[in-house]
file entry.tsv (TSV, C-alpha atoms and all ligand atoms)
chain	number	residue	atom	x	y	z
A	1	MET	CA	-7.43	-0.43	-2.85
A	2	ALA	CA	-6.28	2.99	-3.53
A	3	HIS	CA	-7.71	5.15	-0.78
A	4	ASN	CA	-8.57	8.75	-1.46
A	5	GLU	CA	-9.22	8.24	-5.12
A	6	ILE	CA	-11.02	4.99	-5.15
A	7	TYR	CA	-13.78	6.16	-7.41
A	8	GLU	CA	-11.45	8.19	-9.57
A	9	ASN	CA	-9.40	5.07	-10.00
A	10	LEU	CA	-12.24	3.02	-11.28
A	11	ARG	CA	-13.24	5.51	-13.94
A	12	ASP	CA	-11.60	6.26	-17.26
A	13	ASP	CA	-12.46	9.91	-17.81
A	14	LYS	CA	-8.90	11.16	-17.31
A	15	VAL	CA	-7.34	9.09	-20.09
A	16	SER	CA	-5.65	11.04	-22.90
A	17	GLU	CA	-5.90	10.10	-26.58
A	18	GLU	CA	-2.25	9.04	-26.54
A	19	THR	CA	-2.84	6.72	-23.58
A	20	ARG	CA	-5.96	5.29	-25.20
A	21	LYS	CA	-3.83	4.39	-28.21
A	22	LEU	CA	-1.28	2.78	-25.92
A	23	ILE	CA	-4.03	0.77	-24.24
A	24	THR	CA	-4.97	-0.77	-27.58
A	25	SER	CA	-1.55	-2.44	-27.60
A	26	LEU	CA	-1.90	-3.82	-24.06
A	27	PRO	CA	-3.77	-6.83	-22.63
A	28	THR	CA	-7.15	-5.60	-21.40
A	29	ASP	CA	-9.90	-6.99	-19.20
A	30	LYS	CA	-13.03	-5.89	-17.41
A	31	ASP	CA	-14.42	-6.59	-13.99
A	32	SER	CA	-17.56	-5.52	-12.18
A	33	GLN	CA	-15.91	-2.23	-11.28
A	34	GLY	CA	-14.33	-1.06	-14.51
A	35	ASN	CA	-11.91	-1.57	-17.40
A	36	LEU	CA	-8.42	-2.84	-16.70
A	37	CYS	CA	-5.21	-2.97	-18.70
A	38	LYS	CA	-1.95	-4.73	-17.99
A	39	TYR	CA	1.16	-2.59	-18.08
A	40	GLN	CA	4.64	-3.75	-17.01
A	41	ALA	CA	3.15	-6.93	-15.51
A	42	CYS	CA	0.49	-5.18	-13.40
A	43	TRP	CA	-3.25	-4.58	-13.88
A	44	TYR	CA	-4.66	-1.06	-13.58
A	45	TYR	CA	-8.00	0.62	-14.01
A	46	TYR	CA	-7.63	3.15	-16.78
A	47	ASN	CA	-7.48	6.37	-14.73
A	48	THR	CA	-4.78	4.87	-12.57
A	49	PHE	CA	-2.93	3.71	-15.66
A	50	GLN	CA	-2.95	7.28	-16.96
A	51	ALA	CA	-1.58	8.39	-13.59
A	52	VAL	CA	1.18	5.75	-13.80
A	53	ILE	CA	2.19	7.12	-17.21
A	54	ASN	CA	2.11	10.68	-15.84
A	55	PHE	CA	4.32	9.60	-12.93
A	56	GLN	CA	6.85	7.89	-15.18
A	57	LYS	CA	7.01	10.87	-17.54
A	58	HIS	CA	6.69	13.88	-15.29
A	59	PHE	CA	7.66	13.06	-11.72
A	60	GLN	CA	10.77	14.96	-10.64
A	61	PRO	CA	12.52	12.78	-8.07
A	62	GLN	CA	15.19	13.87	-5.65
A	63	GLU	CA	17.73	11.78	-3.82
A	64	THR	CA	16.14	12.20	-0.41
A	65	ASP	CA	12.68	10.98	-1.49
A	66	ILE	CA	11.19	8.08	0.43
A	67	VAL	CA	8.62	5.82	-1.21
A	68	LEU	CA	6.39	3.52	0.84
A	69	ALA	CA	5.26	0.65	-1.35
A	70	THR	CA	2.60	-1.97	-0.72
A	71	PHE	CA	0.15	-4.19	-2.48
A	72	PRO	CA	-3.27	-2.82	-1.41
A	73	LYS	CA	-4.41	-4.08	2.01
A	74	SER	CA	-0.94	-5.14	3.11
A	75	GLY	CA	-0.56	-2.55	5.86
A	76	THR	CA	-0.34	0.70	3.90
A	77	THR	CA	-2.12	2.81	6.52
A	78	TRP	CA	0.07	1.44	9.30
A	79	LEU	CA	3.34	1.86	7.39
A	80	LYS	CA	2.42	5.43	6.46
A	81	ALA	CA	1.56	6.30	10.06
A	82	LEU	CA	4.77	4.74	11.44
A	83	THR	CA	6.98	6.50	8.91
A	84	VAL	CA	5.32	9.87	9.42
A	85	ALA	CA	5.71	9.46	13.18
A	86	LEU	CA	9.37	8.49	12.79
A	87	LEU	CA	10.28	11.37	10.52
A	88	GLU	CA	8.27	13.95	12.43
A	89	ARG	CA	9.30	12.89	15.91
A	90	SER	CA	11.73	15.70	16.61
A	91	LYS	CA	9.23	18.36	15.53
A	92	HIS	CA	6.40	17.55	17.88
A	93	ASP	CA	7.18	18.12	21.49
A	94	ASP	CA	3.55	18.87	22.12
A	95	PRO	CA	2.00	15.41	21.83
A	96	LEU	CA	-1.40	16.91	21.05
A	97	ASN	CA	-0.07	18.74	18.06
A	98	HIS	CA	0.89	15.73	16.00
A	99	PRO	CA	-0.25	15.59	12.33
A	100	LEU	CA	-1.52	12.04	12.82
A	101	LEU	CA	-4.02	13.25	15.39
A	102	SER	CA	-5.86	15.44	12.92
A	103	ASN	CA	-5.20	13.72	9.57
A	104	ASN	CA	-5.59	10.25	8.23
A	105	PRO	CA	-2.20	8.84	7.10
A	106	HIS	CA	-3.50	8.69	3.53
A	107	ALA	CA	-4.09	12.43	3.54
A	108	ILE	CA	-0.52	13.02	4.73
A	109	VAL	CA	1.36	10.71	2.36
A	110	PRO	CA	0.35	11.15	-1.30
A	111	LEU	CA	-0.01	8.22	-3.66
A	112	LEU	CA	2.33	8.70	-6.64
A	113	GLU	CA	-0.11	7.22	-9.14
A	114	SER	CA	-3.21	8.92	-7.83
A	115	PRO	CA	-5.43	10.21	-10.66
A	116	THR	CA	-6.00	13.41	-8.69
A	117	LEU	CA	-2.38	14.07	-7.70
A	118	ASP	CA	-0.97	17.24	-9.21
A	119	LEU	CA	2.66	16.31	-9.85
A	120	THR	CA	3.61	19.92	-10.52
A	121	LYS	CA	3.03	20.59	-6.81
A	122	PHE	CA	5.98	18.35	-5.95
A	123	LEU	CA	9.00	20.23	-7.11
A	124	PRO	CA	12.37	19.18	-5.74
A	125	SER	CA	13.05	20.91	-2.43
A	126	SER	CA	15.51	20.72	0.44
A	127	SER	CA	13.23	18.66	2.63
A	128	THR	CA	12.59	14.95	2.65
A	129	ARG	CA	9.46	14.07	0.69
A	130	LEU	CA	7.39	11.06	1.55
A	131	PHE	CA	5.27	9.28	-1.06
A	132	SER	CA	3.40	6.03	-1.33
A	133	THR	CA	2.67	3.69	-4.19
A	134	HIS	CA	1.02	0.40	-5.10
A	135	MET	CA	2.98	0.10	-8.38
A	136	PRO	CA	5.47	-2.79	-8.72
A	137	PHE	CA	9.17	-2.15	-8.22
A	138	HIS	CA	10.26	-1.89	-11.88
A	139	THR	CA	7.51	0.62	-12.67
A	140	VAL	CA	8.46	2.79	-9.70
A	141	LYS	CA	12.16	2.60	-10.58
A	142	GLU	CA	11.45	3.89	-14.06
A	143	GLY	CA	9.74	6.96	-12.61
A	144	LEU	CA	12.61	7.53	-10.16
A	145	LYS	CA	14.89	7.94	-13.18
A	146	GLY	CA	18.06	6.64	-11.56
A	147	TYR	CA	17.78	8.66	-8.34
A	148	PRO	CA	18.85	6.55	-5.37
A	149	CYS	CA	15.66	7.11	-3.36
A	150	LYS	CA	14.78	4.87	-0.44
A	151	ILE	CA	11.93	2.44	-0.92
A	152	VAL	CA	10.22	0.61	1.92
A	153	TYR	CA	8.02	-2.31	0.96
A	154	MET	CA	5.60	-3.98	3.32
A	155	CYS	CA	4.26	-7.36	2.29
A	156	ARG	CA	1.48	-9.36	3.95
A	157	ASN	CA	0.21	-12.91	3.80
A	158	ALA	CA	-1.75	-13.13	0.55
A	159	LYS	CA	-4.74	-14.88	2.15
A	160	ASP	CA	-5.09	-12.10	4.72
A	161	VAL	CA	-4.77	-9.52	1.95
A	162	LEU	CA	-7.59	-11.27	0.10
A	163	ILE	CA	-9.88	-11.25	3.15
A	164	SER	CA	-9.10	-7.61	3.82
A	165	LEU	CA	-9.82	-6.70	0.18
A	166	TRP	CA	-13.13	-8.53	0.32
A	167	HIS	CA	-14.31	-6.62	3.38
A	168	PHE	CA	-13.08	-3.30	2.04
A	169	ARG	CA	-14.74	-3.85	-1.30
A	170	CYS	CA	-18.09	-4.60	0.35
A	171	LYS	CA	-17.84	-1.55	2.58
A	172	TYR	CA	-17.04	0.99	-0.07
A	173	GLN	CA	-19.48	-0.50	-2.55
A	174	LYS	CA	-22.03	-0.53	0.27
A	175	ILE	CA	-22.97	-4.13	-0.36
A	176	GLU	CA	-23.43	-6.97	2.05
A	177	VAL	CA	-20.34	-8.96	3.03
A	178	THR	CA	-21.32	-12.23	1.37
A	179	LYS	CA	-19.63	-15.46	0.39
A	180	SER	CA	-20.48	-14.79	-3.23
A	181	VAL	CA	-18.48	-11.53	-3.19
A	182	LEU	CA	-15.64	-13.46	-1.52
A	183	GLU	CA	-15.81	-16.08	-4.28
A	184	SER	CA	-15.58	-13.52	-7.08
A	185	THR	CA	-12.77	-11.65	-5.28
A	186	PHE	CA	-10.98	-14.98	-4.77
A	187	GLU	CA	-11.34	-15.92	-8.41
A	188	SER	CA	-9.82	-12.71	-9.80
A	189	PHE	CA	-7.17	-12.65	-7.05
A	190	CYS	CA	-5.99	-16.17	-7.92
A	191	ARG	CA	-6.09	-15.42	-11.65
A	192	GLY	CA	-3.97	-12.36	-10.93
A	193	GLY	CA	-6.32	-10.15	-12.91
A	194	ASN	CA	-7.27	-7.87	-10.02
A	195	PHE	CA	-6.32	-4.21	-9.53
A	196	TYR	CA	-2.51	-4.08	-9.08
A	197	GLY	CA	-2.31	-7.86	-9.39
A	198	PRO	CA	-0.92	-10.42	-9.63
A	199	ILE	CA	0.14	-10.08	-5.99
A	200	TRP	CA	2.92	-12.70	-6.33
A	201	ASP	CA	4.68	-10.77	-9.10
A	202	HIS	CA	4.26	-7.57	-7.11
A	203	VAL	CA	5.85	-9.00	-3.96
A	204	LEU	CA	8.62	-10.71	-5.93
A	205	SER	CA	9.52	-7.51	-7.75
A	206	TYR	CA	10.33	-5.80	-4.41
A	207	TRP	CA	11.88	-8.93	-2.90
A	208	ARG	CA	14.38	-9.08	-5.76
A	209	GLY	CA	14.89	-5.32	-5.59
A	210	SER	CA	15.75	-5.59	-1.90
A	211	LEU	CA	18.22	-8.42	-2.51
A	212	GLU	CA	19.94	-6.45	-5.25
A	213	ASP	CA	20.15	-3.17	-3.37
A	214	PRO	CA	19.47	-3.58	0.35
A	215	SER	CA	20.66	-0.11	1.22
A	216	HIS	CA	17.90	1.42	-0.90
A	217	VAL	CA	15.10	-1.14	-0.67
A	218	LEU	CA	13.86	-2.38	2.67
A	219	PHE	CA	11.59	-5.42	2.63
A	220	MET	CA	9.27	-5.65	5.63
A	221	LYS	CA	6.49	-8.05	6.58
A	222	TYR	CA	3.21	-7.12	8.24
A	223	GLU	CA	3.41	-10.29	10.33
A	224	GLU	CA	6.89	-9.42	11.61
A	225	MET	CA	5.73	-5.92	12.45
A	226	LYS	CA	2.92	-7.46	14.51
A	227	GLU	CA	5.20	-10.03	16.11
A	228	GLU	CA	8.13	-7.81	17.08
A	229	PRO	CA	7.05	-4.20	16.58
A	230	TYR	CA	9.84	-2.71	18.69
A	231	ALA	CA	12.65	-4.33	16.70
A	232	GLN	CA	10.97	-3.70	13.36
A	233	LEU	CA	10.37	-0.02	14.03
A	234	LYS	CA	14.04	0.36	14.96
A	235	ARG	CA	14.98	-1.43	11.75
A	236	LEU	CA	12.83	0.98	9.75
A	237	ALA	CA	14.32	4.01	11.53
A	238	GLU	CA	17.86	2.79	10.84
A	239	PHE	CA	17.11	2.18	7.18
A	240	LEU	CA	15.65	5.66	6.82
A	241	GLY	CA	18.74	7.16	8.38
A	242	CYS	CA	16.99	8.37	11.54
A	243	PRO	CA	17.88	5.75	14.17
A	244	PHE	CA	16.68	6.17	17.75
A	245	THR	CA	19.28	7.56	20.10
A	246	GLU	CA	19.96	5.84	23.39
A	247	GLU	CA	18.36	8.76	25.16
A	248	GLU	CA	15.22	8.50	23.04
A	249	GLU	CA	14.96	4.80	23.72
A	250	GLU	CA	15.80	4.74	27.36
A	251	GLU	CA	14.62	8.03	28.75
A	252	SER	CA	11.71	9.10	26.63
A	253	GLY	CA	10.46	5.70	25.49
A	254	ALA	CA	10.13	7.08	21.96
A	255	VAL	CA	9.82	3.68	20.24
A	256	ASN	CA	6.87	2.65	22.36
A	257	LYS	CA	5.26	6.05	22.05
A	258	ILE	CA	5.31	5.81	18.26
A	259	LEU	CA	4.01	2.25	18.32
A	260	GLU	CA	1.17	3.33	20.58
A	261	LEU	CA	0.29	6.40	18.50
A	262	CYS	CA	0.19	4.26	15.35
A	263	SER	CA	-1.63	1.28	16.78
A	264	LEU	CA	-4.86	0.30	15.11
A	265	ARG	CA	-6.72	1.01	18.33
A	266	SER	CA	-5.33	4.53	18.79
A	267	LEU	CA	-5.69	5.56	15.17
A	268	SER	CA	-9.18	4.16	14.74
A	269	ASP	CA	-10.29	5.94	17.93
A	270	LEU	CA	-9.41	9.36	16.58
A	271	GLU	CA	-12.32	11.52	15.54
A	272	ILE	CA	-10.79	12.16	12.10
A	273	ASN	CA	-10.64	8.42	11.44
A	274	LYS	CA	-14.09	7.74	12.84
A	275	SER	CA	-16.00	10.37	10.92
A	276	GLY	CA	-13.63	11.68	8.22
A	277	LYS	CA	-13.69	10.77	4.55
A	278	THR	CA	-11.25	10.83	1.67
A	279	VAL	CA	-11.71	13.50	-0.98
A	280	ASN	CA	-13.82	11.00	-2.87
A	281	GLY	CA	-16.06	10.20	0.01
A	282	VAL	CA	-14.60	6.89	1.19
A	283	ASP	CA	-14.90	6.71	4.98
A	284	TYR	CA	-11.53	6.56	6.71
A	285	LYS	CA	-12.97	4.03	9.11
A	286	TYR	CA	-13.00	1.45	6.29
A	287	PHE	CA	-9.19	1.35	6.47
A	288	PHE	CA	-9.30	0.00	10.02
A	289	ARG	CA	-10.77	-3.42	10.64
A	290	LYS	CA	-9.23	-6.22	12.69
A	291	GLY	CA	-5.57	-5.95	11.76
A	292	GLU	CA	-4.95	-9.58	12.67
A	293	VAL	CA	-2.67	-12.26	11.33
A	294	GLY	CA	-4.47	-15.37	10.06
A	295	ASP	CA	-8.02	-14.00	9.82
A	296	TRP	CA	-8.30	-15.99	6.56
A	297	LYS	CA	-8.76	-19.16	8.63
A	298	TYR	CA	-12.27	-18.07	9.53
A	299	HIS	CA	-13.37	-17.35	5.97
A	300	LEU	CA	-11.67	-19.49	3.34
A	301	THR	CA	-12.83	-23.02	2.56
A	302	PRO	CA	-10.21	-25.83	2.57
A	303	GLU	CA	-10.50	-25.92	-1.25
A	304	MET	CA	-9.75	-22.22	-1.50
A	305	VAL	CA	-6.78	-22.57	0.84
A	306	SER	CA	-5.29	-25.44	-1.09
A	307	LYS	CA	-5.74	-23.67	-4.43
A	308	ILE	CA	-4.13	-20.42	-3.33
A	309	ASP	CA	-1.34	-22.21	-1.44
A	310	MET	CA	-0.50	-24.16	-4.58
A	311	ILE	CA	-0.29	-20.99	-6.62
A	312	ILE	CA	1.90	-19.24	-4.03
A	313	GLU	CA	4.19	-22.25	-3.76
A	314	GLU	CA	4.60	-22.39	-7.52
A	315	LYS	CA	5.12	-18.66	-7.99
A	316	LEU	CA	7.62	-18.23	-5.16
A	317	ARG	CA	9.58	-21.43	-5.75
A	318	GLY	CA	13.31	-20.77	-5.76
A	319	SER	CA	12.94	-17.13	-4.72
A	320	GLY	CA	13.91	-17.62	-1.07
A	321	LEU	CA	10.73	-15.79	-0.05
A	322	SER	CA	7.74	-17.09	1.78
A	323	PHE	CA	4.70	-15.03	2.67
B	401	LIG	P1	-4.76	0.32	1.62
B	401	LIG	O1	-3.66	-0.45	0.97
B	401	LIG	O2	-6.01	0.36	0.83
B	401	LIG	O3	-4.36	1.68	2.08
B	401	LIG	P2	-4.26	-1.00	4.11
B	401	LIG	O4	-4.06	0.02	5.14
B	401	LIG	O5	-3.09	-1.73	3.60
B	401	LIG	O6	-5.16	-0.44	2.94
B	401	LIG	O7	-5.21	-2.15	4.62
B	401	LIG	C1	-6.07	-2.10	5.69
B	401	LIG	C2	-5.67	-3.28	6.54
B	401	LIG	O8	-4.65	-2.83	7.45
B	401	LIG	C3	-6.83	-3.72	7.39
B	401	LIG	O9	-6.59	-5.12	7.64
B	401	LIG	P3	-7.75	-6.15	7.98
B	401	LIG	O10	-8.84	-5.94	6.97
B	401	LIG	O11	-7.13	-7.50	7.90
B	401	LIG	O12	-8.18	-5.81	9.35
B	401	LIG	C4	-6.65	-2.88	8.62
B	401	LIG	O13	-7.31	-3.38	9.76
B	401	LIG	C5	-5.13	-2.92	8.77
B	401	LIG	N1	-4.64	-1.78	9.55
B	401	LIG	C6	-4.97	-0.47	9.42
B	401	LIG	N2	-4.32	0.27	10.31
B	401	LIG	C7	-3.55	-0.57	11.04
B	401	LIG	C8	-2.65	-0.38	12.14
B	401	LIG	N3	-2.45	0.80	12.64
B	401	LIG	N4	-2.04	-1.49	12.62
B	401	LIG	C9	-2.24	-2.71	12.11
B	401	LIG	N5	-3.09	-2.95	11.06
B	401	LIG	C10	-3.74	-1.89	10.54
call {"tool": "encode", "arguments": {"input": "entry.tsv", "output": "structure tokens", "more": "lines below"}}
Ligand code: PAP
result
Amino acid sequence: MAHNEIYENLRDDKVSEETRKLITSLPTDKDSQGNLCKYQACWYYYNTFQAVINFQKHFQPQETDIVLATFPKSGTTWLKALTVALLERSKHDDPLNHPLLSNNPHAIVPLLESPTLDLTKFLPSSSTRLFSTHMPFHTVKEGLKGYPCKIVYMCRNAKDVLISLWHFRCKYQKIEVTKSVLESTFESFCRGGNFYGPIWDHVLSYWRGSLEDPSHVLFMKYEEMKEEPYAQLKRLAEFLGCPFTEEEEEESGAVNKILELCSLRSLSDLEINKSGKTVNGVDYKYFFRKGEVGDWKYHLTPEMVSKIDMIIEEKLRGSGLSF
């Protein structure tokens, strides 16, 4: 879900008259958390939808912008931390003075479609700007208005995303983690009617984007990052145009240092991430749980697994992608 502004996202008090009119022409739905509408093949709560429109109309991109894109619960916090650490690495000789030690990654990398983001604060400048998004590829591209910005997408096994969403939802709603909440989350997830869903269309939008333009769209997988973090971090650095030098790799062990700084254990041990909260009062600690591959095996019934596998198989058929 969308971090700092989770509660803002669920509301609809920031929606203009013009956007309300637009919503009347869109498919709409409702879940236990709020009203949703479907825009450019993706479901949004109304405040977020307004923010998407604001982004597409008013965002002023620049060529050097980097956008980190994910479906919620696919490794957003990790990708943000790794990218910040990569881009900032030359600036922080004093290891205790690193921004990640005193800020949660979500506070460092703004979400483009956040209902509380003031776009006028982000005027083009000479420095590289780092943003994040949960919007699908085509919606982001529209807001980038032809600028050849770099986009990094991290995808994650859909069943693990579902389990992560379920736990997160229970934590921030302060309700018990029950099977019945899992069942309702499963139902809307499979139907595709959940916030930012359907996940398959989301992932495919970036997959196709990366095939069409690999020098501007990097497609990464959470599982590969877990499996071979060293190689994947180097891949990310190369894509972003800041590859590790031989000296960095061999003498200072920079790759391993970044991986260690950004590990779930290190980040979740930091005071800011143990006791800090987003501007809307969501505890940062909710963004750190197990961080494992295949946790779904302990929670989903065989019926659930076969249903979701069938949907994934059908949706991804012929795409060349598996996840
Ligand atoms: P968001 O999209 O709402 O920002 P996001 O960070 O993608 O959330 O999701 C949190 C998941 O990433 C959690 O997964 P889990 O529920 O399966 O455990 C969380 O544990 C995992 N995560 C957070 N930080 C890291 C990290 N540094 N390394 C690996 N996984 C992480």
call {"tool": "axis_aligned_box", "arguments": {"input": "entry.tsv", "around": "ligand LIG 401 (chain B)", "padding_each_side": "5 Å", "output": "JSON"}}
result
{"center_x": -5.4, "center_y": -2.9, "center_z": 6.7, "size_x": 16.8, "size_y": 19.2, "size_z": 21.8}
call {"tool": "residues_near_ligand", "arguments": {"input": "entry.tsv", "ligand": "ligand LIG 401 (chain B)", "cutoff": "6 Å", "atoms": "only C-alpha atoms and all ligand atoms", "output": "number ranges by chain"}}
result
A: 1-3, 72-78, 160, 164, 262-264, 287-292
call {"tool": "closest_residue", "arguments": {"input": "entry.tsv", "among": "A:Phe219, A:Phe59, A:Phe189, A:Tyr196", "to": "Glu142 of chain A", "atoms": "all atoms listed in the file"}}
result
A:Phe59
call {"tool": "closest_residue", "arguments": {"input": "entry.tsv", "among": "A:Ile53, A:Cys42, A:Val217, A:Ile199", "to": "Thr28 of chain A", "atoms": "only C-alpha atoms"}}
result
A:Cys42
call {"tool": "residues_around", "arguments": {"input": "entry.tsv", "residues": "Cys155 of chain A", "least_positions_apart": "3", "cutoff": "9 Å", "atoms": "all atoms listed in the file", "output": "number ranges by chain"}}
result
A: 69-71, 74-75, 158, 203, 219-223, 323
call {"tool": "residues_around", "arguments": {"input": "entry.tsv", "residues": "Lys14 of chain A", "least_positions_apart": "2", "cutoff": "8 Å", "atoms": "all atoms listed in the file", "output": "list of chain:residue names"}}
result
A:Arg11, A:Asp12, A:Ser16, A:Asn47, A:Gln50, A:Pro115
call {"tool": "write_last_selection", "arguments": {"input": "entry.tsv", "atoms": "C-alpha atoms", "output": "mmCIF file, keeping the file's coordinate frame"}}
result
data_model
loop_
_atom_site.group_PDB
_atom_site.id
_atom_site.type_symbol
_atom_site.label_atom_id
_atom_site.label_comp_id
_atom_site.auth_asym_id
_atom_site.auth_seq_id
_atom_site.Cartn_x
_atom_site.Cartn_y
_atom_site.Cartn_z
ATOM 1 C CA ARG A 11 -13.240 5.510 -13.940
ATOM 2 C CA ASP A 12 -11.600 6.260 -17.260
ATOM 3 C CA SER A 16 -5.650 11.040 -22.900
ATOM 4 C CA ASN A 47 -7.480 6.370 -14.730
ATOM 5 C CA GLN A 50 -2.950 7.280 -16.960
ATOM 6 C CA PRO A 115 -5.430 10.210 -10.660
#
call {"tool": "atom_distance", "arguments": {"input": "entry.tsv", "atom1": "atom CA of Val52 of chain A", "atom2": "atom CA of Glu113 of chain A"}}
result
5.1 Å
call {"tool": "closest_residue", "arguments": {"input": "entry.tsv", "among": "A:Phe55, A:Lys159, A:Ala254, A:Glu247", "to": "Phe122 of chain A", "atoms": "only C-alpha atoms"}}
result
A:Phe55
call {"tool": "closest_residue", "arguments": {"input": "entry.tsv", "among": "A:Gln62, A:Asn280, A:Asn273, A:Asn157", "to": "Ser114 of chain A", "atoms": "only C-alpha atoms"}}
result
A:Asn280
call {"tool": "residues_around", "arguments": {"input": "entry.tsv", "residues": "Cys170 of chain A", "least_positions_apart": "5", "cutoff": "10 Å", "atoms": "only C-alpha atoms", "output": "PDB file with C-alpha atoms, keeping the file's coordinate frame"}}
result
ATOM      1  CA  LEU A 165      -9.820  -6.700   0.180  1.00  0.00           C
ATOM      2  CA  ILE A 175     -22.970  -4.130  -0.360  1.00  0.00           C
ATOM      3  CA  GLU A 176     -23.430  -6.970   2.050  1.00  0.00           C
ATOM      4  CA  VAL A 177     -20.340  -8.960   3.030  1.00  0.00           C
ATOM      5  CA  THR A 178     -21.320 -12.230   1.370  1.00  0.00           C
ATOM      6  CA  VAL A 181     -18.480 -11.530  -3.190  1.00  0.00           C
ATOM      7  CA  LEU A 182     -15.640 -13.460  -1.520  1.00  0.00           C
ATOM      8  CA  TYR A 286     -13.000   1.450   6.290  1.00  0.00           C
TER       9      TYR A 286
END
call {"tool": "closest_residue", "arguments": {"input": "entry.tsv", "among": "A:Thr139, A:Ser319, A:Asn194, A:Asn104", "to": "Gly34 of chain A", "atoms": "only C-alpha atoms"}}
result
A:Asn194
call {"tool": "residues_around", "arguments": {"input": "entry.tsv", "residues": "Lys80 of chain A", "least_positions_apart": "5", "cutoff": "9 Å", "atoms": "all atoms listed in the file", "output": "PyMOL selection string"}}
result
chain A and resi 68+75+85+105-106+108-109+130-132
call {"tool": "closest_residue", "arguments": {"input": "entry.tsv", "among": "A:Tyr206, A:Leu123, A:Gly192, A:Asn97", "to": "Lys141 of chain A", "atoms": "only C-alpha atoms"}}
result
A:Tyr206
call {"tool": "build_atoms", "arguments": {"input": "entry.tsv", "residues": "segment 160-171 of chain A", "atoms": "N, CA and C atoms", "output": "compact mmCIF listing (two decimals), in the coordinates of the input"}}
result
# COMPACT_ATOMS: atom_id res chain seq x y z
N ASP A 160 -4.56 -13.20 3.91
CA ASP A 160 -5.09 -12.10 4.72
C ASP A 160 -5.37 -10.87 3.87
N VAL A 161 -4.53 -10.64 2.87
CA VAL A 161 -4.77 -9.52 1.95
C VAL A 161 -6.12 -9.73 1.25
N LEU A 162 -6.34 -10.95 0.80
CA LEU A 162 -7.59 -11.27 0.10
C LEU A 162 -8.81 -11.00 1.00
N ILE A 163 -8.75 -11.44 2.23
CA ILE A 163 -9.88 -11.25 3.15
C ILE A 163 -10.10 -9.76 3.43
N SER A 164 -9.00 -9.05 3.57
CA SER A 164 -9.10 -7.61 3.82
C SER A 164 -9.71 -6.89 2.62
N LEU A 165 -9.27 -7.29 1.42
CA LEU A 165 -9.82 -6.70 0.18
C LEU A 165 -11.32 -6.94 0.07
N TRP A 166 -11.71 -8.15 0.38
CA TRP A 166 -13.13 -8.53 0.32
C TRP A 166 -13.97 -7.63 1.23
N HIS A 167 -13.54 -7.47 2.46
CA HIS A 167 -14.31 -6.62 3.38
C HIS A 167 -14.33 -5.17 2.92
N PHE A 168 -13.15 -4.70 2.48
CA PHE A 168 -13.08 -3.30 2.04
C PHE A 168 -13.99 -3.06 0.84
N ARG A 169 -13.94 -3.99 -0.09
CA ARG A 169 -14.74 -3.85 -1.30
C ARG A 169 -16.23 -3.76 -0.94
N CYS A 170 -16.67 -4.61 -0.04
CA CYS A 170 -18.09 -4.60 0.35
C CYS A 170 -18.45 -3.29 1.03
N LYS A 171 -17.53 -2.80 1.86
CA LYS A 171 -17.84 -1.55 2.58
C LYS A 171 -17.96 -0.39 1.61
